[in-house]
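Below is one structure, written out as structure tokens; comments come after it.
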2 protein chains.
Amino acid sequence: MPSQSIVSRELADLLKLLAHPDRLRLIAELRSGEQDVTSLAVALAVPATRVSQHLALLRAHRLVEERRAGRTHFYRLVHPAIAAWIVEALQFVDIRNRLDEAGHIDTVRARWSAPALVSSATPERST
Amino acid sequence: MPSQSIVSRELADLLKLLAHPDRLRLIAELRSGEQDVTSLAVALAVPATRVSQHLALLRAHRLVEERRAGRTHFYRLVHPAIAAWIVEALQFVDIRNRLDEAGHIDTVRARWSAPALVSSATPERST
DNA sequence: TATAAATCTGCATATCTTTGCAGGTGTGGG
DNA sequence: CCCACACCTGCAAAGATATGCAGATTTATA
């Protein structure tokens with residue numbers, strides 16, 4: 001029985017789950033701790049419905065967990081280390097075809113690696 | 001300008017590229033060094049056309065490079081370290097929902113981590 | 001209880017991917 | 001030159017995703 005095929009499918013599913021800009025940014029946002037849907041929607045500048053759907057997907061795969069307090073739902077990362085792992089991928093993205101950004105790669109990596117303690121304290125300053 | 005959005009898109013593209021069982025297995029196969037299309041097709045047990053298309057995609061994103069010798073085309077990983085990075089992701093796949101495989105997770109990880117010197121020397125033995 | 005707030009769910013549409021198949025290209029042999 | 005081999009490319013059908021919108025839930029509040 002090709003167990004390697006099974007693992008490949010598992011991995012592919014995980015990667016597919018992560019392979020969306022919004023979801024990656026959600027994970028980046030949640031590094032600093034749990035946040036509610038509205039805050040996340042504001043932070044990403046996307047409609048709350050979309051955020052909700054992405055979170056539902058992430059939750060279905062147990063990448064995030066939900067906590068309800070009153071009418072707001074807070075989400076948090078189940079595996080905070082996953083953010084650091086994602087950052088490592090930057091070394092594999094082809095920067096040769098986009099040299100204009102290559103100079104900023106370290107800045108960008110730093111931002112993803114940073115704790116980002118308060119989301120409003122990292123207001124996407126234009127590098 | 002939301003540089004974080006740009007990076008998210010870059011990362012998402014990379015992850016999307018990796019998020020396919022066949023392509024993950026191709027990368028796993030190529031850990032041991034360059035191989036031609038037919039060998040890869042046999043190893044993965046998928047039609048050569050499909051392998052070729054996946055390789056074209058990986059090549060377009062510069063994850064693999066091609067070398068032609070006569071009528072056979074050899075492919076190799078541009079970033080061999082990417083395989084190790086992929087293996088790290090195993091710790092994030094939800095094993096709680098598939099406890100039957102949980103026991104094999106270490107075996108599986110070992111196989112992905114292993115050099116796999118000769119593909120025929122790792123004939124997918126049933127664990 | 002009626003309202004509003006904060007989310008979620010279901011659905012239809014638009015897009016993107018995957019895949020096999022037919023046909024094309026380039027190389028080596030006879 | 002002609003044929004077989006090893007691949008690649010284009011294309012159409014099938015399948016999977018993404019997204020906005022409308023409507024349903026759940027929880028405070030007046």
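Note on naming: chains are A, B, ... as they come in the structure tokens, residues start from 1 per chain, ligands start from 1 in the order shown.
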*asked:* If we count only C-alpha atoms (C1' of nucleotides) and set the cut-off at 10 Å, which residues sit around stretch 9-13 of chain D, ignoring sequence neighbours fewer than 6 positions away in its own chain? Please answer as a ChimeraX atom specification.
replied: /B:53 /C:19-25
Just-selected residues, C-alpha atoms (C1' of nucleotides) written as a PDB file, in the first residue's frame:
ATOM      1  CA  GLN B  53       2.834  18.690 -17.355  1.00  0.00           C
TER       2      GLN B  53
ATOM      3  C1'  DT C  19      -6.354  15.309 -16.910  1.00  0.00           C
ATOM      4  C1'  DG C  20      -6.596  12.577 -20.964  1.00  0.00           C
ATOM      5  C1'  DC C  21      -6.120  12.662 -25.777  1.00  0.00           C
ATOM      6  C1'  DA C  22      -4.633  13.969 -30.260  1.00  0.00           C
ATOM      7  C1'  DG C  23      -1.057  15.788 -32.641  1.00  0.00           C
ATOM      8  C1'  DG C  24       3.669  18.008 -32.939  1.00  0.00           C
ATOM      9  C1'  DT C  25       8.913  18.316 -32.109  1.00  0.00           C
TER      10       DT C  25
END
_Only residues of chain A matter here; which ones have an atom within 6 Å of chain B, counting only C-alpha atoms? Give them as a list in words._
Met1, Ser8, Arg9, Ala12, Leu15, Lys16, Ala19, His20, Pro21 and Ser126 of chain A
*Compute the set of chain C residues within 8 Å of chain B, using only C-alpha atoms (C1' of nucleotides), and express it as a PyMOL selection string.*
chain C and resi 19+26-28
Contact check, chain D to chain B, at most 10 Å, counting only C-alpha atoms (C1' of nucleotides), closest pairs as a Markdown table:
| residue | atom | partner | partner_atom | distance |
| --- | --- | --- | --- | --- |
| D:DC5 | C1' | B:Arg71 | CA | 7.8 |
| D:DA6 | C1' | B:Arg71 | CA | 5.7 |
| D:DC7 | C1' | B:Ser52 | CA | 7.5 |
| D:DC8 | C1' | B:Ser52 | CA | 7.5 |
| D:DT9 | C1' | B:Gln53 | CA | 9.4 |
Those same residues - N, CA and C atoms (P, O5', C5', C4', C3', O3' and C1' of nucleotides) - I'd like them written as a PDB file, in the first residue's frame.
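Final file, again.pdb:
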ATOM      1  P    DC D   5       9.360   2.063 -30.212  1.00  0.00           P
ATOM      2  O5'  DC D   5      10.149   3.233 -29.475  1.00  0.00           O
ATOM      3  C5'  DC D   5      11.544   3.359 -29.671  1.00  0.00           C
ATOM      4  C4'  DC D   5      12.099   4.547 -28.894  1.00  0.00           C
ATOM      5  C3'  DC D   5      11.369   4.814 -27.568  1.00  0.00           C
ATOM      6  O3'  DC D   5      12.343   5.213 -26.613  1.00  0.00           O
ATOM      7  C1'  DC D   5      11.218   6.729 -28.960  1.00  0.00           C
ATOM      8  P    DA D   6      11.926   5.278 -25.066  1.00  0.00           P
ATOM      9  O5'  DA D   6      11.864   6.843 -24.804  1.00  0.00           O
ATOM     10  C5'  DA D   6      13.037   7.612 -24.971  1.00  0.00           C
ATOM     11  C4'  DA D   6      12.760   9.065 -24.686  1.00  0.00           C
ATOM     12  C3'  DA D   6      11.832   9.291 -23.486  1.00  0.00           C
ATOM     13  O3'  DA D   6      12.277  10.444 -22.785  1.00  0.00           O
ATOM     14  C1'  DA D   6      10.869  10.250 -25.394  1.00  0.00           C
ATOM     15  P    DC D   7      11.795  10.661 -21.253  1.00  0.00           P
ATOM     16  O5'  DC D   7      10.889  11.931 -21.388  1.00  0.00           O
ATOM     17  C5'  DC D   7      10.144  12.114 -22.554  1.00  0.00           C
ATOM     18  C4'  DC D   7      10.258  13.545 -23.031  1.00  0.00           C
ATOM     19  C3'  DC D   7       9.315  14.448 -22.255  1.00  0.00           C
ATOM     20  O3'  DC D   7       9.857  15.750 -22.093  1.00  0.00           O
ATOM     21  C1'  DC D   7       8.617  14.261 -24.537  1.00  0.00           C
ATOM     22  P    DC D   8       8.987  16.868 -21.297  1.00  0.00           P
ATOM     23  O5'  DC D   8       8.248  17.644 -22.471  1.00  0.00           O
ATOM     24  C5'  DC D   8       9.035  18.231 -23.488  1.00  0.00           C
ATOM     25  C4'  DC D   8       8.165  19.063 -24.430  1.00  0.00           C
ATOM     26  C3'  DC D   8       7.180  19.991 -23.715  1.00  0.00           C
ATOM     27  O3'  DC D   8       7.122  21.231 -24.420  1.00  0.00           O
ATOM     28  C1'  DC D   8       5.992  18.485 -25.097  1.00  0.00           C
ATOM     29  P    DT D   9       6.362  22.484 -23.788  1.00  0.00           P
ATOM     30  O5'  DT D   9       5.136  22.754 -24.768  1.00  0.00           O
ATOM     31  C5'  DT D   9       5.124  22.190 -26.055  1.00  0.00           C
ATOM     32  C4'  DT D   9       3.833  22.583 -26.772  1.00  0.00           C
ATOM     33  C3'  DT D   9       2.915  23.542 -26.027  1.00  0.00           C
ATOM     34  O3'  DT D   9       2.253  24.364 -26.974  1.00  0.00           O
ATOM     35  C1'  DT D   9       1.828  21.452 -26.280  1.00  0.00           C
TER      36       DT D   9
END
Tell me, as a PDB file with N, CA and C atoms (P, O5', C5', C4', C3', O3' and C1' of nucleotides), in the first residue's frame, which residues lie within 12 Å of C:DG10, counting only C-alpha atoms (C1' of nucleotides); anything in the same chain fewer than 5 positions away does not count.
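Contents of result01.pdb, freshly written:
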ATOM      1  P    DC D  21     -22.316  41.805  -3.199  1.00  0.00           P
ATOM      2  O5'  DC D  21     -23.671  40.980  -2.977  1.00  0.00           O
ATOM      3  C5'  DC D  21     -24.035  39.987  -3.940  1.00  0.00           C
ATOM      4  C4'  DC D  21     -25.307  39.297  -3.525  1.00  0.00           C
ATOM      5  C3'  DC D  21     -26.090  40.055  -2.451  1.00  0.00           C
ATOM      6  O3'  DC D  21     -27.478  39.859  -2.683  1.00  0.00           O
ATOM      7  C1'  DC D  21     -25.429  37.953  -1.600  1.00  0.00           C
ATOM      8  P    DA D  22     -28.547  40.703  -1.839  1.00  0.00           P
ATOM      9  O5'  DA D  22     -29.470  39.544  -1.263  1.00  0.00           O
ATOM     10  C5'  DA D  22     -29.810  38.446  -2.117  1.00  0.00           C
ATOM     11  C4'  DA D  22     -30.356  37.318  -1.263  1.00  0.00           C
ATOM     12  C3'  DA D  22     -31.282  37.826  -0.153  1.00  0.00           C
ATOM     13  O3'  DA D  22     -32.380  36.930  -0.015  1.00  0.00           O
ATOM     14  C1'  DA D  22     -29.454  36.658   0.803  1.00  0.00           C
ATOM     15  P    DG D  23     -33.509  37.221   1.079  1.00  0.00           P
ATOM     16  O5'  DG D  23     -33.212  36.108   2.181  1.00  0.00           O
ATOM     17  C5'  DG D  23     -32.973  34.760   1.750  1.00  0.00           C
ATOM     18  C4'  DG D  23     -32.606  33.898   2.937  1.00  0.00           C
ATOM     19  C3'  DG D  23     -33.456  34.179   4.167  1.00  0.00           C
ATOM     20  O3'  DG D  23     -33.660  32.950   4.859  1.00  0.00           O
ATOM     21  C1'  DG D  23     -31.200  34.563   4.693  1.00  0.00           C
ATOM     22  P    DA D  24     -34.471  32.933   6.253  1.00  0.00           P
ATOM     23  O5'  DA D  24     -33.377  32.281   7.219  1.00  0.00           O
ATOM     24  C5'  DA D  24     -32.701  31.084   6.777  1.00  0.00           C
ATOM     25  C4'  DA D  24     -31.770  30.604   7.878  1.00  0.00           C
ATOM     26  C3'  DA D  24     -32.410  30.604   9.257  1.00  0.00           C
ATOM     27  O3'  DA D  24     -31.888  29.516  10.017  1.00  0.00           O
ATOM     28  C1'  DA D  24     -30.597  32.111   9.236  1.00  0.00           C
TER      29       DA D  24
END
Excluding D:DT29 and its own-chain neighbours fewer than 6 positions away, which residues fall within 12 Å of it when counting only C-alpha atoms (C1' of nucleotides)? Please give them as a compact mmCIF listing (two decimals) with N, CA and C atoms (P, O5', C5', C4', C3', O3' and C1' of nucleotides), in the first residue's frame.
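Saved file around-v9.txt follows:
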# COMPACT_ATOMS: atom_id res chain seq x y z
P DT C 1 -41.36 36.72 24.13
O5' DT C 1 -41.50 38.27 23.77
C5' DT C 1 -42.77 38.96 23.79
C4' DT C 1 -42.60 40.23 23.00
C3' DT C 1 -42.07 39.97 21.60
O3' DT C 1 -42.50 41.02 20.73
C1' DT C 1 -40.41 41.12 22.83
P DA C 2 -42.59 40.83 19.16
O5' DA C 2 -41.70 42.05 18.64
C5' DA C 2 -41.99 43.35 19.09
C4' DA C 2 -40.83 44.28 18.78
C3' DA C 2 -40.24 44.11 17.38
O3' DA C 2 -39.88 45.39 16.88
C1' DA C 2 -38.55 43.69 18.99
P DT C 3 -39.22 45.53 15.43
O5' DT C 3 -37.88 46.33 15.76
C5' DT C 3 -37.15 46.01 16.95
C4' DT C 3 -35.82 46.73 16.93
C3' DT C 3 -35.10 46.61 15.59
O3' DT C 3 -34.28 47.75 15.38
C1' DT C 3 -33.97 45.31 17.24
P DA C 4 -33.33 47.77 14.03
O5' DA C 4 -31.88 47.53 14.64
C5' DA C 4 -31.49 48.17 15.86
C4' DA C 4 -30.13 47.66 16.29
C3' DA C 4 -29.15 47.49 15.12
O3' DA C 4 -27.85 47.88 15.57
C1' DA C 4 -29.47 45.40 16.19
P DA C 5 -26.62 47.79 14.56
O5' DA C 5 -25.76 46.64 15.25
C5' DA C 5 -25.51 46.69 16.66
C4' DA C 5 -24.63 45.52 17.07
C3' DA C 5 -23.46 45.28 16.11
O3' DA C 5 -22.34 44.86 16.86
C1' DA C 5 -24.88 43.37 16.14
*From stretch 6-78 of chain A, collect each residue whose DSSP state is helix (DSSP H, G or I) and return the set as a ChimeraX atom specification.*
/A:6-18,21-30,37-44,48-60
*Between atom CA of B:Val51 and atom CA of B:Glu66, what is the distance, to one decimal in Å?*
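Result for atom CA of B:Val51 versus atom CA of B:Glu66: 13.4 Å, one decimal.
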